[in-house]
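Next comes my_file-v6.tsv, with TSV, C-alpha atoms.
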```
chain	number	residue	atom	x	y	z
B	1	MET	CA	127.36	217.56	180.83
B	2	ALA	CA	123.84	218.91	180.48
B	3	GLU	CA	124.81	222.13	182.22
B	4	GLN	CA	127.78	222.63	179.91
B	5	THR	CA	125.87	222.20	176.67
B	6	ALA	CA	122.69	224.10	177.57
B	7	LEU	CA	122.11	227.49	176.00
B	8	PRO	CA	122.52	230.52	178.29
B	9	VAL	CA	119.23	231.67	179.71
B	10	THR	CA	117.94	235.23	180.05
B	11	PRO	CA	116.41	236.45	183.33
B	12	ASP	CA	112.93	235.61	182.07
B	13	ASP	CA	113.98	231.99	181.43
B	14	THR	CA	113.96	232.46	177.66
B	15	PRO	CA	116.89	230.81	175.81
B	16	ALA	CA	119.34	233.49	174.68
B	17	LYS	CA	120.00	234.03	170.98
B	18	PRO	CA	123.63	234.39	169.87
B	19	ASP	CA	124.57	237.98	169.03
B	20	ALA	CA	125.92	236.91	165.64
B	21	ALA	CA	122.56	235.40	164.70
B	22	VAL	CA	120.75	238.61	165.68
B	23	VAL	CA	123.17	240.72	163.65
B	24	ARG	CA	122.78	238.41	160.65
B	25	ASP	CA	119.00	238.65	160.74
B	26	ALA	CA	119.07	242.41	161.23
B	27	LEU	CA	121.50	242.92	158.36
B	28	GLY	CA	119.32	240.77	156.11
B	29	VAL	CA	116.28	242.95	156.75
B	30	GLY	CA	118.24	246.20	156.59
B	31	VAL	CA	119.93	245.40	153.28
B	32	ALA	CA	116.83	243.93	151.62
B	33	VAL	CA	114.59	246.88	152.50
B	34	GLY	CA	117.29	249.54	152.23
B	35	LEU	CA	117.82	248.76	148.57
B	36	SER	CA	114.20	249.69	147.84
B	37	GLY	CA	115.16	253.29	148.56
B	38	PHE	CA	116.30	253.31	144.94
B	39	ALA	CA	112.69	252.83	143.88
B	40	PHE	CA	111.60	255.70	146.11
B	41	GLY	CA	114.25	258.00	144.64
B	42	VAL	CA	113.13	257.20	141.11
B	43	THR	CA	109.42	257.53	141.96
B	44	SER	CA	109.91	260.78	143.84
B	45	ALA	CA	111.90	262.36	141.03
B	46	GLY	CA	109.31	261.12	138.55
B	47	SER	CA	106.52	262.78	140.54
B	48	GLY	CA	108.18	266.18	140.18
B	49	LEU	CA	110.14	266.53	143.42
B	50	SER	CA	113.65	267.93	143.18
B	51	LEU	CA	116.78	266.02	144.15
B	52	LEU	CA	117.04	268.03	147.37
B	53	GLN	CA	113.39	267.49	148.30
B	54	THR	CA	113.69	263.76	147.65
B	55	CYS	CA	116.80	263.36	149.77
B	56	VAL	CA	115.43	265.50	152.62
B	57	LEU	CA	112.33	263.31	152.75
B	58	SER	CA	114.45	260.21	153.27
B	59	LEU	CA	116.75	261.90	155.76
B	60	LEU	CA	114.09	263.48	157.95
B	61	VAL	CA	110.91	261.45	157.39
B	62	PHE	CA	112.51	258.01	157.01
B	63	THR	CA	109.38	255.90	156.89
B	64	GLY	CA	109.03	254.25	153.51
B	65	ALA	CA	105.27	253.71	153.31
B	66	SER	CA	104.55	257.35	154.19
B	67	GLN	CA	107.12	258.58	151.69
B	68	PHE	CA	105.67	256.45	148.89
B	69	ALA	CA	102.15	257.56	149.84
B	70	LEU	CA	103.17	261.20	149.60
B	71	VAL	CA	104.93	261.05	146.24
B	72	GLY	CA	102.31	258.64	144.87
B	73	ALA	CA	99.50	261.06	145.69
B	74	LEU	CA	101.45	263.95	144.20
B	75	ALA	CA	102.18	261.98	141.04
B	76	ALA	CA	98.45	261.21	140.71
B	77	GLY	CA	97.67	264.92	140.80
B	78	GLY	CA	96.49	265.01	144.39
B	79	ASN	CA	96.41	268.15	146.52
B	80	PRO	CA	99.73	268.59	148.38
B	81	PHE	CA	97.92	269.07	151.71
B	82	THR	CA	95.84	265.93	151.19
B	83	ALA	CA	98.93	263.99	150.17
B	84	ALA	CA	100.79	265.21	153.26
B	85	ALA	CA	97.83	264.34	155.48
B	86	GLY	CA	97.73	260.79	154.15
B	87	ALA	CA	101.47	260.37	154.62
B	88	PHE	CA	101.26	261.82	158.14
B	89	PHE	CA	98.47	259.45	159.08
B	90	LEU	CA	100.45	256.44	157.89
B	91	GLY	CA	103.40	257.68	159.91
B	92	THR	CA	101.41	257.81	163.16
B	93	ARG	CA	101.66	254.01	163.42
B	94	ASN	CA	105.29	254.54	164.43
B	95	ALA	CA	104.11	256.30	167.59
B	96	PHE	CA	102.31	253.11	168.64
B	97	TYR	CA	105.42	251.09	167.82
B	98	GLY	CA	107.35	253.44	170.07
B	99	LEU	CA	105.09	252.75	173.03
B	100	ARG	CA	105.88	249.05	172.82
B	101	LEU	CA	109.57	249.45	172.06
B	102	SER	CA	110.13	251.92	174.89
B	103	GLN	CA	109.28	249.16	177.37
B	104	LEU	CA	111.14	246.44	175.50
B	105	LEU	CA	114.39	248.32	174.82
B	106	ALA	CA	114.46	250.54	177.94
B	107	LEU	CA	117.10	252.78	176.36
B	108	PRO	CA	118.91	255.57	178.25
B	109	LYS	CA	117.21	258.96	177.94
B	110	ALA	CA	120.18	260.44	176.11
B	111	VAL	CA	119.78	258.16	173.09
B	112	ARG	CA	115.98	258.04	172.92
B	113	PRO	CA	115.60	260.99	170.48
B	114	LEU	CA	117.92	259.28	167.98
B	115	ALA	CA	116.28	255.91	168.52
B	116	ALA	CA	112.83	257.43	167.98
B	117	HIS	CA	113.84	258.40	164.43
B	118	TRP	CA	114.51	254.72	163.71
B	119	VAL	CA	111.19	253.43	165.02
B	120	ILE	CA	109.71	252.05	161.81
B	121	ASP	CA	108.14	248.80	160.61
B	122	GLU	CA	111.39	246.94	160.01
B	123	THR	CA	113.23	247.85	163.21
B	124	THR	CA	110.10	247.10	165.23
B	125	ALA	CA	109.61	243.73	163.57
B	126	VAL	CA	113.22	242.69	164.18
B	127	ALA	CA	113.25	243.90	167.78
B	128	LEU	CA	109.97	242.22	168.71
B	129	ALA	CA	111.13	238.93	167.21
B	130	GLN	CA	114.02	238.65	169.68
B	131	PRO	CA	113.86	236.54	172.86
B	132	SER	CA	115.68	238.95	175.19
B	133	ARG	CA	116.22	242.66	175.77
B	134	ARG	CA	119.88	242.46	174.75
B	135	ALA	CA	118.99	240.76	171.47
B	136	ALA	CA	116.19	243.26	170.86
B	137	ARG	CA	118.57	246.18	171.35
B	138	ILE	CA	121.13	244.67	168.98
B	139	GLY	CA	118.50	243.86	166.36
B	140	PHE	CA	116.95	247.32	166.58
B	141	THR	CA	120.30	249.13	166.36
B	142	VAL	CA	121.81	247.08	163.53
B	143	THR	CA	118.60	247.22	161.50
B	144	GLY	CA	118.25	250.95	162.10
B	145	ILE	CA	121.81	251.83	161.11
B	146	THR	CA	121.89	249.55	158.07
B	147	LEU	CA	118.51	250.62	156.78
B	148	TYR	CA	119.02	254.34	157.38
B	149	VAL	CA	122.35	254.44	155.56
B	150	LEU	CA	121.27	252.26	152.64
B	151	TRP	CA	117.86	253.91	152.27
B	152	ASN	CA	119.39	257.37	151.97
B	153	VAL	CA	122.23	256.30	149.68
B	154	THR	CA	119.89	254.43	147.33
B	155	THR	CA	117.38	257.30	147.45
B	156	LEU	CA	120.11	259.61	146.15
B	157	LEU	CA	121.15	257.13	143.46
B	158	GLY	CA	117.55	256.58	142.40
B	159	ALA	CA	116.84	260.28	142.11
B	160	LEU	CA	120.02	260.83	140.11
B	161	GLY	CA	119.23	257.92	137.79
B	162	ALA	CA	115.54	258.75	137.28
B	163	GLU	CA	116.13	260.47	133.95
B	164	ALA	CA	118.12	257.52	132.60
B	165	ILE	CA	115.46	255.00	133.64
B	166	GLY	CA	112.54	256.90	132.15
B	167	ASP	CA	108.94	256.10	133.06
B	168	THR	CA	108.89	254.50	136.52
B	169	ALA	CA	105.43	253.04	135.94
B	170	ALA	CA	106.75	251.02	133.00
B	171	TRP	CA	109.38	249.45	135.24
B	172	GLY	CA	106.99	248.88	138.13
B	173	LEU	CA	109.38	250.49	140.60
B	174	ASP	CA	106.59	252.52	142.15
B	175	ALA	CA	105.18	249.26	143.55
B	176	ALA	CA	108.40	248.19	145.29
B	177	GLY	CA	107.84	250.17	148.48
B	178	PRO	CA	104.24	249.07	149.08
B	179	ALA	CA	105.21	245.48	148.24
B	180	VAL	CA	107.94	245.48	150.89
B	181	PHE	CA	105.56	247.02	153.41
B	182	LEU	CA	102.94	244.32	152.76
B	183	ALA	CA	105.54	241.56	152.99
B	184	LEU	CA	106.48	242.78	156.46
B	185	LEU	CA	102.92	243.37	157.57
B	186	ALA	CA	101.34	240.09	156.47
B	187	PRO	CA	103.09	237.80	159.03
B	188	MET	CA	102.00	240.15	161.84
B	189	LEU	CA	98.29	239.67	161.10
B	190	LYS	CA	97.78	236.71	163.41
B	191	SER	CA	94.32	237.23	164.92
B	192	ALA	CA	90.97	237.28	163.16
B	193	THR	CA	90.44	240.89	164.27
B	194	GLU	CA	93.73	242.00	162.73
B	195	ARG	CA	93.01	240.21	159.46
B	196	ALA	CA	89.47	241.63	159.32
B	197	THR	CA	90.80	245.15	159.90
B	198	ALA	CA	93.43	244.80	157.20
B	199	GLY	CA	90.92	243.32	154.74
B	200	LEU	CA	88.36	246.07	155.32
B	201	ALA	CA	91.06	248.74	155.00
B	202	VAL	CA	92.12	247.30	151.64
B	203	LEU	CA	88.52	247.24	150.41
B	204	LEU	CA	87.94	250.82	151.49
B	205	GLY	CA	91.20	252.09	150.06
B	206	LEU	CA	90.90	250.37	146.68
B	207	GLY	CA	87.15	250.84	146.37
B	208	LEU	CA	87.32	254.58	146.90
B	209	LEU	CA	90.27	255.22	144.59
B	210	PRO	CA	88.08	255.95	141.54
B	211	VAL	CA	85.76	258.39	143.36
B	212	LEU	CA	87.96	260.30	145.82
B	213	PRO	CA	90.99	262.55	145.27
B	214	ALA	CA	94.44	260.99	145.58
B	215	GLY	CA	95.48	260.59	149.20
B	216	VAL	CA	91.95	260.66	150.63
B	217	PRO	CA	91.25	256.89	150.33
B	218	VAL	CA	94.17	256.22	152.69
B	219	LEU	CA	92.55	258.45	155.31
B	220	VAL	CA	89.15	256.81	154.89
B	221	ALA	CA	90.71	253.34	155.14
B	222	ALA	CA	91.69	254.21	158.70
B	223	LEU	CA	88.02	253.85	159.62
B	224	ALA	CA	88.45	250.08	159.27
B	225	ALA	CA	89.94	249.78	162.76
B	226	PRO	CA	87.09	251.44	164.73
B	227	VAL	CA	84.47	249.70	162.59
B	228	VAL	CA	85.92	246.24	163.23
B	229	LEU	CA	86.38	246.96	166.94
B	230	TRP	CA	82.79	248.23	167.18
B	231	ALA	CA	81.48	245.10	165.43
B	232	ARG	CA	83.57	242.91	167.70
B	233	GLY	CA	82.20	244.69	170.77
B	234	ARG	CA	78.63	244.28	169.57
B	235	ARG	CA	79.22	240.60	168.92
B	236	ALA	CA	80.78	240.09	172.35
B	237	ALA	CA	77.90	241.92	174.04
B	238	SER	CA	75.37	239.83	172.10
B	239	THR	CA	77.14	236.61	173.10
B	240	THR	CA	77.26	237.68	176.75
B	241	GLY	CA	73.56	238.59	176.69
B	242	SER	CA	72.61	235.24	175.17
B	243	THR	CA	74.66	233.37	177.78
B	244	THR	CA	73.04	235.34	180.59
B	245	ARG	CA	69.54	234.64	179.28
B	246	ARG	CA	70.29	230.91	179.00
B	247	GLU	CA	71.56	230.85	182.56
B	248	LYS	CA	68.37	232.54	183.79
B	249	ASP	CA	66.18	230.16	181.81
B	250	SER	CA	68.04	227.15	183.23
B	251	ARG	CA	67.21	228.31	186.76
```
Would you encode the structure as structure tokens?
Amino acid sequence: MAEQTALPVTPDDTPAKPDAAVVRDALGVGVAVGLSGFAFGVTSAGSGLSLLQTCVLSLLVFTGASQFALVGALAAGGNPFTAAAGAFFLGTRNAFYGLRLSQLLALPKAVRPLAAHWVIDETTAVALAQPSRRAARIGFTVTGITLYVLWNVTTLLGALGAEAIGDTAAWGLDAAGPAVFLALLAPMLKSATERATAGLAVLLGLGLLPVLPAGVPVLVAALAAPVVLWARGRRAASTTGSTTRREKDSR
């Protein structure tokens, strides 16, 4: 009886997750985040971008935090090149996601270019949360399709409805994208190093907002990672040196 009721097991001895459960979770993330494309459409139109420019950003860039960073910097009067640089830097995190997902998903070469366009925070989070390669592939694909379609449809609707809504700042819609990004990021900060890096980046970004042009604080906040890693290395070296000295003294 035990063999009949046990869950199927993947090759790495991890209990398999039913496909329906993976699809349900992926749809939940895709729908919840995809709807925030409406906020991006409204914010983008409010910052002065045309309907075509707004929709092309969602179709070709398709990484919410970078898109919000770009239009937010433009709306604040930032230089277009600085705004683009900040958005580009935020988008580079997807390249690191891709390195991990390429090993996890092991997709055929023919579909990798399309899959690369869907390597974003949400698809990565769903894929990495799965216990097997099959579940990871399903989660990545369902999340990617759902989110891409909804994000672009709601971007269009938001841009079209921007005039009817009026001032986006009064509605707080410009904060929807960053809020979703933080909600996804927070559970991933598990180690002390990760939390220290995120905290320092927030301090740098917010602290420099009043004194630097729009878009630049995001670039400076990137220094948090090397600073924390340097401090961690110094601390580890100091601890190793102290241990070595104690061992010599004990002899």
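Using all atoms listed in the file, the smallest distance between any of B:Cys55, B:Leu105, B:Val149, B:Val61 and Ala84 of chain B comes from B:Val61.
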Mind checking which residues fall within 8 Å of Lys17 of chain B, counting all atoms listed in the file, ignoring those fewer than 5 positions away in the same chain, and posting them as a PDB file with C-alpha atoms, in the frame of the given file?
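Written file, selection-v1.pdb:
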```pdb
ATOM      1  CA  VAL B  22     120.750 238.610 165.680  1.00  0.00           C
ATOM      2  CA  GLN B 130     114.020 238.650 169.680  1.00  0.00           C
ATOM      3  CA  PRO B 131     113.860 236.540 172.860  1.00  0.00           C
ATOM      4  CA  SER B 132     115.680 238.950 175.190  1.00  0.00           C
ATOM      5  CA  ALA B 135     118.990 240.760 171.470  1.00  0.00           C
TER       6      ALA B 135
END
```
Set the distance at 10 Å and use only C-alpha atoms: which residues neighbour Val119 of chain B once local chain neighbours fewer than 3 positions away are removed? I'd like the list as a PyMOL selection string. chain B and resi 62-63+93-98+101+114-116+122-125+140+144
Please determine, counting all atoms listed in the file, which residue among B:Ala231, B:Leu147, B:Ala106, B:Ala45 has the shortest atom-to-atom distance to Gly30 of chain B. B:Leu147
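Separating atom CA of Thr82 of chain B from atom CA of Val216 of chain B is a distance of 6.6 Å.
From atom CA of Leu27 of chain B back to atom CA of Leu157 of chain B, the distance works out to 20.6 Å.
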